[in-house]
$ cat entry03.txt   # compact mmCIF, C-alpha atoms
# COMPACT_ATOMS: atom_id res chain seq x y z
CA MET B 5 16.15 6.38 -42.45
CA PRO B 6 18.78 4.23 -40.71
CA ILE B 7 17.61 1.73 -38.12
CA PRO B 8 19.97 0.25 -35.48
CA GLU B 9 20.83 -3.40 -36.03
CA ASP B 10 19.49 -4.37 -32.62
CA VAL B 11 15.96 -3.39 -33.74
CA THR B 12 14.40 -6.52 -35.16
CA GLY B 13 10.72 -5.62 -35.24
CA ASP B 14 9.86 -8.38 -32.80
CA GLU B 15 9.62 -5.74 -30.07
CA ILE B 16 6.20 -4.55 -31.20
CA ASP B 17 2.95 -5.52 -29.52
CA LYS B 18 1.52 -8.88 -30.57
CA ASP B 19 -1.72 -7.27 -31.76
CA VAL B 20 0.24 -4.99 -34.09
CA ARG B 21 2.29 -7.94 -35.27
CA GLN B 22 -0.92 -9.75 -36.10
CA GLU B 23 -2.11 -6.76 -38.14
CA LEU B 24 1.10 -6.82 -40.13
CA GLN B 25 0.59 -10.46 -41.12
CA SER B 26 -1.54 -9.21 -44.01
CA LEU B 27 1.67 -7.88 -45.59
CA PRO B 28 4.44 -9.82 -47.36
CA LYS B 29 6.99 -11.06 -44.81
CA THR B 30 9.87 -8.74 -45.76
CA LEU B 31 7.60 -5.71 -45.95
CA ALA B 32 6.02 -6.57 -42.60
CA GLU B 33 9.48 -6.71 -41.03
CA ASP B 34 10.43 -3.32 -42.45
CA VAL B 35 7.21 -1.74 -41.22
CA ALA B 36 7.60 -3.33 -37.79
CA ARG B 37 11.15 -2.00 -37.38
CA ASN B 38 10.03 1.52 -38.29
CA LEU B 39 7.17 1.30 -35.80
CA VAL B 40 9.61 0.24 -33.09
CA MET B 41 11.68 3.35 -33.84
CA VAL B 42 8.57 5.53 -33.59
CA ALA B 43 7.83 4.12 -30.15
CA ARG B 44 11.45 4.51 -29.02
CA LEU B 45 11.82 8.12 -30.07
CA LEU B 46 8.34 9.51 -29.48
CA ASP B 47 9.11 11.13 -26.12
CA GLU B 48 12.79 12.04 -26.47
CA ASP B 49 13.01 12.84 -30.19
CA PRO B 50 9.56 13.61 -31.63
CA GLU B 51 10.97 14.80 -34.94
CA GLY B 52 12.88 11.55 -35.39
CA ALA B 53 9.78 9.54 -34.49
CA TYR B 54 7.81 11.52 -37.05
CA GLY B 55 10.34 10.68 -39.74
CA TYR B 56 10.10 6.94 -39.09
CA SER B 57 6.31 7.15 -38.97
CA ARG B 58 6.28 8.65 -42.45
CA VAL B 59 8.38 5.76 -43.74
CA ALA B 60 5.99 3.23 -42.17
CA LEU B 61 3.03 5.13 -43.59
CA ARG B 62 4.55 5.08 -47.06
CA LEU B 63 5.06 1.32 -46.80
CA ALA B 64 1.71 0.31 -45.29
CA SER B 65 -0.90 3.07 -45.17
CA ARG B 66 -3.75 0.54 -45.06
CA VAL B 67 -2.70 -0.87 -41.70
CA ALA B 68 -4.56 0.72 -38.79
CA ALA B 69 -1.62 0.43 -36.38
CA VAL B 70 0.54 2.36 -38.83
CA ARG B 71 -2.04 5.14 -39.14
CA GLU B 72 -2.32 5.31 -35.36
CA ALA B 73 1.47 5.49 -34.90
CA ALA B 74 1.65 8.20 -37.56
CA GLY B 75 -1.08 10.08 -35.71
CA PHE B 76 0.78 10.03 -32.41
CA ALA B 77 4.03 11.09 -34.07
CA ALA B 78 2.28 14.02 -35.75
CA TYR B 79 0.54 14.88 -32.46
CA ALA B 80 3.89 14.93 -30.62
CA ASN B 81 5.11 17.45 -33.19
CA GLN B 82 2.00 19.62 -32.80
CA LYS B 83 0.84 18.79 -36.33
CA TYR B 84 -2.72 18.54 -35.07
CA GLY B 85 -4.53 18.58 -38.40
CA GLN B 86 -2.43 15.74 -39.73
CA ALA B 87 -2.70 13.82 -36.47
CA LEU B 88 -6.49 14.14 -36.49
CA GLY B 89 -6.63 12.80 -40.03
CA GLU B 90 -4.55 9.75 -39.12
CA PHE B 91 -6.58 9.04 -35.98
CA ARG B 92 -9.81 9.27 -37.95
CA ALA B 93 -8.44 6.84 -40.52
CA ALA B 94 -7.43 4.37 -37.81
CA LYS B 95 -10.85 4.66 -36.20
CA ARG B 96 -12.58 3.98 -39.53
CA MET B 97 -10.46 0.89 -40.08
CA THR B 98 -11.03 -0.66 -36.66
CA GLY B 99 -14.20 0.92 -35.26
CA ASN B 100 -12.22 1.39 -32.03
CA ILE B 101 -13.10 4.52 -30.04
CA ASP B 102 -10.01 4.52 -27.76
CA LEU B 103 -8.58 7.42 -29.76
CA TRP B 104 -11.60 9.64 -29.08
CA PRO B 105 -9.96 11.75 -26.32
CA VAL B 106 -6.78 12.46 -28.28
CA MET B 107 -8.88 13.30 -31.33
CA ALA B 108 -10.75 15.84 -29.21
CA ASP B 109 -7.44 17.25 -27.99
CA CYS B 110 -6.38 17.69 -31.61
CA GLU B 111 -9.47 19.86 -32.04
CA ARG B 112 -8.18 21.98 -29.16
CA GLY B 113 -4.80 22.19 -30.83
CA LEU B 114 -6.49 23.44 -33.98
CA GLY B 115 -8.16 26.22 -32.00
CA ARG B 116 -11.58 24.58 -31.86
CA PRO B 117 -12.30 24.04 -28.13
CA GLU B 118 -16.06 24.09 -28.78
CA LYS B 119 -15.66 21.04 -31.01
CA ALA B 120 -13.66 19.30 -28.28
CA LEU B 121 -16.49 19.95 -25.82
CA ASP B 122 -19.01 18.55 -28.29
CA MET B 123 -16.93 15.38 -28.48
CA ALA B 124 -16.77 15.23 -24.68
CA GLY B 125 -20.56 15.01 -24.62
CA ALA B 126 -20.86 12.46 -27.43
CA PRO B 127 -22.16 8.89 -26.95
CA GLU B 128 -18.70 7.50 -27.76
CA VAL B 129 -17.44 8.67 -24.36
CA HIS B 130 -19.65 6.13 -22.58
CA LYS B 131 -17.88 3.36 -24.49
CA LEU B 132 -14.47 4.38 -23.20
CA ASP B 133 -12.83 2.52 -20.34
CA LYS B 134 -12.13 4.35 -17.08
CA ALA B 135 -8.73 5.64 -18.23
CA GLY B 136 -10.28 6.93 -21.44
CA GLN B 137 -13.07 8.69 -19.59
CA VAL B 138 -10.57 10.41 -17.27
CA GLU B 139 -8.54 11.47 -20.31
CA MET B 140 -11.69 12.88 -21.89
CA ARG B 141 -12.39 14.83 -18.70
CA LEU B 142 -8.90 16.32 -18.84
CA VAL B 143 -9.40 17.35 -22.45
CA ALA B 144 -12.80 18.89 -21.68
CA ALA B 145 -11.33 20.87 -18.77
CA GLY B 146 -8.55 22.08 -21.05
CA ALA B 147 -11.13 23.21 -23.59
CA ARG B 148 -12.95 25.16 -20.88
CA ARG B 149 -9.71 26.90 -19.98
CA ASP B 150 -9.06 27.67 -23.65
CA MET B 151 -12.38 29.50 -23.63
CA GLY B 152 -11.52 31.39 -20.44
CA GLN B 153 -14.03 29.42 -18.35
CA LEU B 154 -11.81 28.71 -15.33
CA ASP B 155 -14.59 27.90 -12.87
CA ALA B 156 -16.16 25.50 -15.36
CA ALA B 157 -12.79 23.81 -15.86
CA ILE B 158 -12.47 23.27 -12.10
CA VAL B 159 -15.96 21.80 -11.89
CA THR B 160 -15.25 19.53 -14.88
CA LEU B 161 -12.29 17.99 -13.07
CA GLN B 162 -14.21 17.38 -9.85
CA SER B 163 -15.07 13.69 -10.01
CA PRO B 164 -14.97 10.42 -8.04
CA GLU B 165 -11.58 9.70 -9.67
CA LEU B 166 -10.18 12.96 -8.31
CA ALA B 167 -11.52 12.31 -4.81
CA ALA B 168 -10.35 8.68 -4.66
CA ASN B 169 -7.49 7.85 -2.30
CA SER B 170 -6.24 4.98 -4.43
CA VAL B 171 -3.52 5.77 -6.96
CA GLN B 172 -4.20 4.85 -10.58
CA PRO B 173 -2.12 5.54 -13.71
CA TRP B 174 -4.10 8.73 -14.31
CA THR B 175 -4.21 10.01 -10.72
CA ALA B 176 -1.14 12.25 -10.80
CA ARG B 177 -2.13 13.98 -14.04
CA LEU B 178 -5.71 14.49 -12.87
CA ARG B 179 -4.62 16.02 -9.56
CA TYR B 180 -2.04 18.15 -11.34
CA ALA B 181 -4.60 19.51 -13.80
CA TYR B 182 -6.94 20.31 -10.93
CA ALA B 183 -4.20 22.10 -8.99
CA ASP B 184 -3.18 24.07 -12.07
CA ALA B 185 -6.76 25.13 -12.72
CA LEU B 186 -7.16 26.25 -9.11
CA LEU B 187 -3.98 28.28 -9.34
CA ALA B 188 -5.14 29.92 -12.57
CA ALA B 189 -8.33 30.90 -10.76
CA GLY B 190 -6.33 32.53 -7.96
CA ARG B 191 -7.06 29.84 -5.36
CA GLN B 192 -3.44 29.42 -4.30
CA SER B 193 -3.82 27.60 -0.98
CA GLU B 194 -6.09 24.97 -2.54
CA ALA B 195 -3.73 24.68 -5.49
CA ARG B 196 -0.82 24.00 -3.16
CA GLU B 197 -2.79 21.23 -1.45
CA TRP B 198 -3.51 19.51 -4.77
CA PHE B 199 0.00 19.91 -6.13
CA ALA B 200 1.15 18.13 -2.95
CA LYS B 201 -1.37 15.35 -3.62
CA ALA B 202 -0.13 15.13 -7.21
CA VAL B 203 3.43 14.69 -5.92
CA GLU B 204 2.26 11.80 -3.74
CA ALA B 205 0.72 10.05 -6.72
CA ASP B 206 3.46 10.85 -9.25
CA ARG B 207 5.63 7.78 -8.81
CA ASP B 208 7.29 7.91 -12.21
CA GLY B 209 7.83 11.67 -12.50
CA SER B 210 5.29 12.15 -15.27
CA THR B 211 4.54 15.72 -14.08
CA ASP B 212 6.55 18.61 -12.65
CA ALA B 213 4.27 18.78 -9.62
CA SER B 214 7.20 18.81 -7.19
CA ASP B 215 8.69 21.86 -8.92
CA ARG B 216 5.35 23.64 -8.94
CA LEU B 217 4.91 22.90 -5.23
CA ALA B 218 8.38 24.19 -4.41
CA GLU B 219 7.69 27.33 -6.40
CA LEU B 220 4.55 27.99 -4.39
CA ASP B 221 6.52 27.44 -1.17
CA GLY B 222 9.16 29.92 -2.29
CA VAL B 223 11.92 27.34 -2.51
CA GLU B 224 14.79 28.24 -4.82
CA PHE B 225 16.95 25.49 -6.27
CA VAL B 226 20.69 26.14 -6.61
CA ASP B 227 22.43 24.81 -9.70
CA ALA B 228 25.49 22.98 -8.33
CA MET B 229 27.09 22.81 -11.76
CA ALA B 230 26.76 26.58 -12.16
CA GLU B 231 28.38 27.11 -8.74
CA ASP B 232 31.33 24.93 -9.75
CA GLU B 233 31.77 26.94 -12.94
CA ASP B 234 31.72 30.19 -10.95
CA ASP B 235 34.42 28.84 -8.65
CA GLU B 236 36.59 27.93 -11.64
CA VAL B 237 36.19 31.42 -13.08
CA GLN B 238 37.09 33.07 -9.78
CA ALA B 239 40.15 30.90 -9.10
CA PRO B 240 42.51 32.58 -11.63
CA ALA B 241 41.53 35.97 -10.22
CA SER B 242 42.62 34.80 -6.77
CA SER B 243 45.93 33.60 -8.19
CA GLU B 244 46.51 36.95 -9.87
CA ALA B 245 45.80 38.71 -6.59
CA SER B 246 48.35 36.51 -4.81
CA GLU B 247 50.97 37.22 -7.48
CA HIS B 248 50.23 40.93 -7.14
CA GLU B 249 50.68 40.75 -3.38
CA ASP B 250 53.95 38.78 -3.77
CA LYS B 251 55.24 41.43 -6.16
CA HIS B 252 54.52 44.18 -3.64
CA GLU B 253 56.24 42.20 -0.91
CA ASP B 254 59.32 41.82 -3.10
CA GLU B 255 59.35 45.57 -3.81
CA ASP B 256 58.99 46.34 -0.10
CA GLU B 257 61.92 44.05 0.71
CA GLY B 258 63.97 45.83 -1.95
CA ASP B 259 63.17 49.21 -0.43
CA ASP B 260 64.17 48.02 3.02
CA GLN B 261 67.47 46.74 1.68
CA GLY B 262 68.09 50.07 -0.05
CA ASP B 263 67.55 51.94 3.20
CA LYS B 264 70.06 49.74 4.94
CA ASP B 265 72.64 50.39 2.25
$ encode --input "entry03.txt" --output "structure tokens"
Amino acid sequence: MPIPEDVTGDEIDKDVRQELQSLPKTLAEDVARNLVMVARLLDEDPEGAYGYSRVALRLASRVAAVREAAGFAAYANQKYGQALGEFRAAKRMTGNIDLWPVMADCERGLGRPEKALDMAGAPEVHKLDKAGQVEMRLVAAGARRDMGQLDAAIVTLQSPELAANSVQPWTARLRYAYADALLAAGRQSEAREWFAKAVEADRDGSTDASDRLAELDGVEFVDAMAEDEDDEVQAPASSEASEHEDKHEDEDEGDDQGDKD
């Protein structure tokens, strides 16, 4: 797959670069450039990211960072079985448990919410950092909702992190998930309150909390572009009407002149 010339491979994280030092120099550079493309495209073009991840995987399948990148690319394309396999491989190679929450979410994607809940109660969760534990809580709540246990999902999300006033990287998503669970349970006024709190914490627009809040408030957004297009469509009709009126005026003038004659 073609890679832009401005991608050198030096853009990757230093820890990943260190992993690639086990490879021959030219090969390491090729793998690094493909990994950069995976990172660039993952959000905007998941299919493209997946393609580059497969190239990197073909070149260096024994590098944990490559397996992890391939896992996230597969996950972004809802290839949950494949993603889970790659995450498991990366975990075996490094012993790192940071991928535990996303592995559990893959179980959800495969239609196994019970397995995700088992993972949420596993000893590995206690080894996660705060962000990882919050992510695990979000996955567990999602699994509860998959099973139709709305009240349990709400309780799962109730935590010191949810109640904290300080804004952390996970705050907006946690508040959003809580608001969404409340709304699903029919608790609309509480849901509105938490969507508003999610908006306050969502500084980078990572959620659509503002849209959800507006929807609850009955606010309708007008598409300005659509209005402009409507005006353009209507303009010729107005011109035709004017021409029609001018024609009638000319005919009337002709009739008047005929009367005079």
$ closest_atom_pairs --input "entry03.txt" --of "range 136-184 of chain B" --to "range 194-208 of chain B" --cutoff "12 Å" --atoms "all atoms listed in the file" --output "Markdown table"
| residue | atom | partner | partner_atom | distance |
| --- | --- | --- | --- | --- |
| B:Ile158 | CA | B:Ala195 | CA | 11.0 |
| B:Leu166 | CA | B:Trp198 | CA | 10.0 |
| B:Ala167 | CA | B:Lys201 | CA | 10.7 |
| B:Ala168 | CA | B:Lys201 | CA | 11.2 |
| B:Asn169 | CA | B:Ala205 | CA | 9.6 |
| B:Ser170 | CA | B:Ala205 | CA | 8.9 |
| B:Val171 | CA | B:Ala205 | CA | 6.0 |
| B:Gln172 | CA | B:Ala205 | CA | 8.1 |
| B:Pro173 | CA | B:Ala205 | CA | 8.8 |
| B:Trp174 | CA | B:Ala205 | CA | 9.1 |
| B:Thr175 | CA | B:Ala205 | CA | 6.3 |
| B:Ala176 | CA | B:Ala202 | CA | 4.7 |
| B:Arg177 | CA | B:Ala202 | CA | 7.2 |
| B:Leu178 | CA | B:Ala202 | CA | 8.0 |
| B:Arg179 | CA | B:Ala202 | CA | 5.1 |
| B:Tyr180 | CA | B:Ala202 | CA | 5.5 |
| B:Ala181 | CA | B:Phe199 | CA | 9.0 |
| B:Tyr182 | CA | B:Trp198 | CA | 7.1 |
| B:Ala183 | CA | B:Ala195 | CA | 4.4 |
| B:Asp184 | CA | B:Ala195 | CA | 6.6 |
$ closest_residue --input "entry03.txt" --among "B:Glu33, B:Asp122, B:Glu165, B:Asp133" --to "Val11 in chain B" --atoms "all atoms listed in the file"
B:Glu33
$ axis_aligned_box --input "entry03.txt" --around "range 32-35 of chain B" --padding-each-side "4 Å" --output "JSON"
{"center_x": 8.2, "center_y": -4.2, "center_z": -41.8, "size_x": 12.4, "size_y": 13.0, "size_z": 9.6}
$ residues_around --input "entry03.txt" --residues "range 37-45 of chain B" --least-positions-apart "2" --cutoff "7 Å" --atoms "only C-alpha atoms" --output "list in words"
Val11, Thr12, Gly13, Glu15, Ile16, Glu33, Asp34, Val35, Asp47, Glu48, Asp49, Pro50, Gly52, Ala53, Tyr54, Tyr56, Ser57 and Ala60 of chain B
$ closest_residue --input "entry03.txt" --among "B:Val143, B:Ala93, B:Val59, B:Leu187" --to "Ile7 in chain B" --atoms "all atoms listed in the file"
B:Val59
$ atom_distance --input "entry03.txt" --atom1 "CA of Trp104 in chain B" --atom2 "CA of Tyr79 in chain B"
13.6 Å
$ atom_distance --input "entry03.txt" --atom1 "CA of Asp14 in chain B" --atom2 "CA of Met97 in chain B"
23.5 Å
$ atom_distance --input "entry03.txt" --atom1 "CA of Lys119 in chain B" --atom2 "CA of Gln153 in chain B"
15.3 Å
$ closest_residue --input "entry03.txt" --among "B:Arg62, B:Gly55, B:Leu114, B:Arg191" --to "Pro6 in chain B" --atoms "all atoms listed in the file"
B:Gly55
$ closest_residue --input "entry03.txt" --among "B:Val159, B:Leu142, B:Val67, B:Met151" --to "Leu27 in chain B" --atoms "all atoms listed in the file"
B:Val67
$ residues_around --input "entry03.txt" --residues "Ser65 in chain B" --least-positions-apart "4" --cutoff "10 Å" --atoms "all atoms listed in the file" --output "list in words"
Arg58, Val59, Ala60, Leu61, Ala69, Val70, Arg71, Ala74, Glu90, Ala93 and Ala94 of chain B
$ closest_residue --input "entry03.txt" --among "B:Gly75, B:Pro105, B:Pro28, B:Pro127" --to "Arg141 in chain B" --atoms "only C-alpha atoms"
B:Pro105
$ decode --input "entry03.txt" --residues "range 62-76 of chain B" --atoms "all heavy atoms" --output "PDB file, in the first residue's frame"
ATOM      1  N   ARG B  62       2.275  -8.667   8.419  1.00  0.00           N
ATOM      2  CA  ARG B  62       2.964  -9.597   7.527  1.00  0.00           C
ATOM      3  C   ARG B  62       4.486  -9.439   7.631  1.00  0.00           C
ATOM      4  O   ARG B  62       5.230 -10.408   7.500  1.00  0.00           O
ATOM      5  CB  ARG B  62       2.506  -9.339   6.084  1.00  0.00           C
ATOM      6  CG  ARG B  62       3.000 -10.368   5.084  1.00  0.00           C
ATOM      7  CD  ARG B  62       2.256 -10.274   3.767  1.00  0.00           C
ATOM      8  NE  ARG B  62       2.412  -8.974   3.112  1.00  0.00           N
ATOM      9  CZ  ARG B  62       1.453  -8.081   2.963  1.00  0.00           C
ATOM     10  NH1 ARG B  62       0.246  -8.329   3.434  1.00  0.00           N
ATOM     11  NH2 ARG B  62       1.666  -6.942   2.346  1.00  0.00           N
ATOM     12  N   LEU B  63       4.925  -8.221   7.905  1.00  0.00           N
ATOM     13  CA  LEU B  63       6.362  -7.952   7.988  1.00  0.00           C
ATOM     14  C   LEU B  63       6.966  -8.313   9.338  1.00  0.00           C
ATOM     15  O   LEU B  63       8.139  -8.717   9.411  1.00  0.00           O
ATOM     16  CB  LEU B  63       6.633  -6.463   7.707  1.00  0.00           C
ATOM     17  CG  LEU B  63       6.299  -5.946   6.308  1.00  0.00           C
ATOM     18  CD1 LEU B  63       6.465  -4.438   6.257  1.00  0.00           C
ATOM     19  CD2 LEU B  63       7.190  -6.619   5.268  1.00  0.00           C
ATOM     20  N   ALA B  64       6.173  -8.154  10.411  1.00  0.00           N
ATOM     21  CA  ALA B  64       6.762  -8.327  11.755  1.00  0.00           C
ATOM     22  C   ALA B  64       5.711  -8.811  12.751  1.00  0.00           C
ATOM     23  O   ALA B  64       5.366  -8.103  13.701  1.00  0.00           O
ATOM     24  CB  ALA B  64       7.381  -7.017  12.234  1.00  0.00           C
ATOM     25  N   SER B  65       5.226 -10.015  12.577  1.00  0.00           N
ATOM     26  CA  SER B  65       4.168 -10.542  13.438  1.00  0.00           C
ATOM     27  C   SER B  65       4.653 -10.876  14.853  1.00  0.00           C
ATOM     28  O   SER B  65       3.835 -11.101  15.744  1.00  0.00           O
ATOM     29  CB  SER B  65       3.546 -11.791  12.807  1.00  0.00           C
ATOM     30  OG  SER B  65       4.526 -12.808  12.666  1.00  0.00           O
ATOM     31  N   ARG B  66       5.973 -10.915  15.050  1.00  0.00           N
ATOM     32  CA  ARG B  66       6.499 -11.253  16.369  1.00  0.00           C
ATOM     33  C   ARG B  66       6.793 -10.025  17.230  1.00  0.00           C
ATOM     34  O   ARG B  66       7.367 -10.140  18.308  1.00  0.00           O
ATOM     35  CB  ARG B  66       7.767 -12.099  16.230  1.00  0.00           C
ATOM     36  CG  ARG B  66       7.519 -13.453  15.574  1.00  0.00           C
ATOM     37  CD  ARG B  66       8.759 -14.313  15.560  1.00  0.00           C
ATOM     38  NE  ARG B  66       8.491 -15.617  14.947  1.00  0.00           N
ATOM     39  CZ  ARG B  66       9.389 -16.586  14.821  1.00  0.00           C
ATOM     40  NH1 ARG B  66      10.635 -16.389  15.258  1.00  0.00           N
ATOM     41  NH2 ARG B  66       9.070 -17.734  14.253  1.00  0.00           N
ATOM     42  N   VAL B  67       6.387  -8.870  16.754  1.00  0.00           N
ATOM     43  CA  VAL B  67       6.561  -7.636  17.518  1.00  0.00           C
ATOM     44  C   VAL B  67       5.237  -7.283  18.186  1.00  0.00           C
ATOM     45  O   VAL B  67       4.208  -7.141  17.509  1.00  0.00           O
ATOM     46  CB  VAL B  67       7.019  -6.479  16.601  1.00  0.00           C
ATOM     47  CG1 VAL B  67       7.103  -5.173  17.384  1.00  0.00           C
ATOM     48  CG2 VAL B  67       8.371  -6.809  15.966  1.00  0.00           C
ATOM     49  N   ALA B  68       5.259  -7.141  19.496  1.00  0.00           N
ATOM     50  CA  ALA B  68       4.026  -6.913  20.255  1.00  0.00           C
ATOM     51  C   ALA B  68       3.287  -5.652  19.807  1.00  0.00           C
ATOM     52  O   ALA B  68       2.059  -5.645  19.706  1.00  0.00           O
ATOM     53  CB  ALA B  68       4.340  -6.837  21.737  1.00  0.00           C
ATOM     54  N   ALA B  69       4.029  -4.585  19.527  1.00  0.00           N
ATOM     55  CA  ALA B  69       3.398  -3.333  19.113  1.00  0.00           C
ATOM     56  C   ALA B  69       2.640  -3.506  17.802  1.00  0.00           C
ATOM     57  O   ALA B  69       1.591  -2.875  17.586  1.00  0.00           O
ATOM     58  CB  ALA B  69       4.448  -2.239  18.965  1.00  0.00           C
ATOM     59  N   VAL B  70       3.158  -4.361  16.930  1.00  0.00           N
ATOM     60  CA  VAL B  70       2.492  -4.626  15.661  1.00  0.00           C
ATOM     61  C   VAL B  70       1.193  -5.390  15.896  1.00  0.00           C
ATOM     62  O   VAL B  70       0.151  -5.082  15.308  1.00  0.00           O
ATOM     63  CB  VAL B  70       3.416  -5.415  14.713  1.00  0.00           C
ATOM     64  CG1 VAL B  70       2.659  -5.881  13.473  1.00  0.00           C
ATOM     65  CG2 VAL B  70       4.617  -4.563  14.314  1.00  0.00           C
ATOM     66  N   ARG B  71       1.243  -6.383  16.776  1.00  0.00           N
ATOM     67  CA  ARG B  71       0.034  -7.150  17.087  1.00  0.00           C
ATOM     68  C   ARG B  71      -1.021  -6.256  17.726  1.00  0.00           C
ATOM     69  O   ARG B  71      -2.222  -6.373  17.442  1.00  0.00           O
ATOM     70  CB  ARG B  71       0.374  -8.327  18.016  1.00  0.00           C
ATOM     71  CG  ARG B  71       1.420  -9.286  17.486  1.00  0.00           C
ATOM     72  CD  ARG B  71       1.016  -9.892  16.142  1.00  0.00           C
ATOM     73  NE  ARG B  71      -0.063 -10.842  16.232  1.00  0.00           N
ATOM     74  CZ  ARG B  71       0.100 -12.165  16.354  1.00  0.00           C
ATOM     75  NH1 ARG B  71       1.321 -12.694  16.418  1.00  0.00           N
ATOM     76  NH2 ARG B  71      -0.943 -12.971  16.399  1.00  0.00           N
ATOM     77  N   GLU B  72      -0.580  -5.354  18.586  1.00  0.00           N
ATOM     78  CA  GLU B  72      -1.519  -4.441  19.243  1.00  0.00           C
ATOM     79  C   GLU B  72      -2.161  -3.502  18.228  1.00  0.00           C
ATOM     80  O   GLU B  72      -3.386  -3.280  18.247  1.00  0.00           O
ATOM     81  CB  GLU B  72      -0.796  -3.634  20.319  1.00  0.00           C
ATOM     82  CG  GLU B  72      -1.703  -2.707  21.101  1.00  0.00           C
ATOM     83  CD  GLU B  72      -0.988  -2.009  22.250  1.00  0.00           C
ATOM     84  OE1 GLU B  72      -0.024  -2.595  22.804  1.00  0.00           O
ATOM     85  OE2 GLU B  72      -1.397  -0.891  22.601  1.00  0.00           O
ATOM     86  N   ALA B  73      -1.344  -2.940  17.325  1.00  0.00           N
ATOM     87  CA  ALA B  73      -1.875  -2.044  16.296  1.00  0.00           C
ATOM     88  C   ALA B  73      -2.859  -2.787  15.399  1.00  0.00           C
ATOM     89  O   ALA B  73      -3.921  -2.252  15.038  1.00  0.00           O
ATOM     90  CB  ALA B  73      -0.732  -1.459  15.465  1.00  0.00           C
ATOM     91  N   ALA B  74      -2.519  -4.015  15.051  1.00  0.00           N
ATOM     92  CA  ALA B  74      -3.416  -4.828  14.225  1.00  0.00           C
ATOM     93  C   ALA B  74      -4.727  -5.100  14.967  1.00  0.00           C
ATOM     94  O   ALA B  74      -5.801  -5.133  14.365  1.00  0.00           O
ATOM     95  CB  ALA B  74      -2.738  -6.140  13.850  1.00  0.00           C
ATOM     96  N   GLY B  75      -4.635  -5.271  16.272  1.00  0.00           N
ATOM     97  CA  GLY B  75      -5.826  -5.493  17.081  1.00  0.00           C
ATOM     98  C   GLY B  75      -6.751  -4.290  17.076  1.00  0.00           C
ATOM     99  O   GLY B  75      -7.964  -4.428  16.883  1.00  0.00           O
ATOM    100  N   PHE B  76      -6.179  -3.100  17.237  1.00  0.00           N
ATOM    101  CA  PHE B  76      -7.012  -1.899  17.253  1.00  0.00           C
ATOM    102  C   PHE B  76      -7.607  -1.607  15.876  1.00  0.00           C
ATOM    103  O   PHE B  76      -8.746  -1.128  15.780  1.00  0.00           O
ATOM    104  CB  PHE B  76      -6.205  -0.698  17.745  1.00  0.00           C
ATOM    105  CG  PHE B  76      -6.120  -0.618  19.241  1.00  0.00           C
ATOM    106  CD1 PHE B  76      -4.920  -0.859  19.901  1.00  0.00           C
ATOM    107  CD2 PHE B  76      -7.238  -0.323  20.005  1.00  0.00           C
ATOM    108  CE1 PHE B  76      -4.852  -0.803  21.289  1.00  0.00           C
ATOM    109  CE2 PHE B  76      -7.186  -0.262  21.391  1.00  0.00           C
ATOM    110  CZ  PHE B  76      -5.978  -0.508  22.030  1.00  0.00           C
TER     111      PHE B  76
END
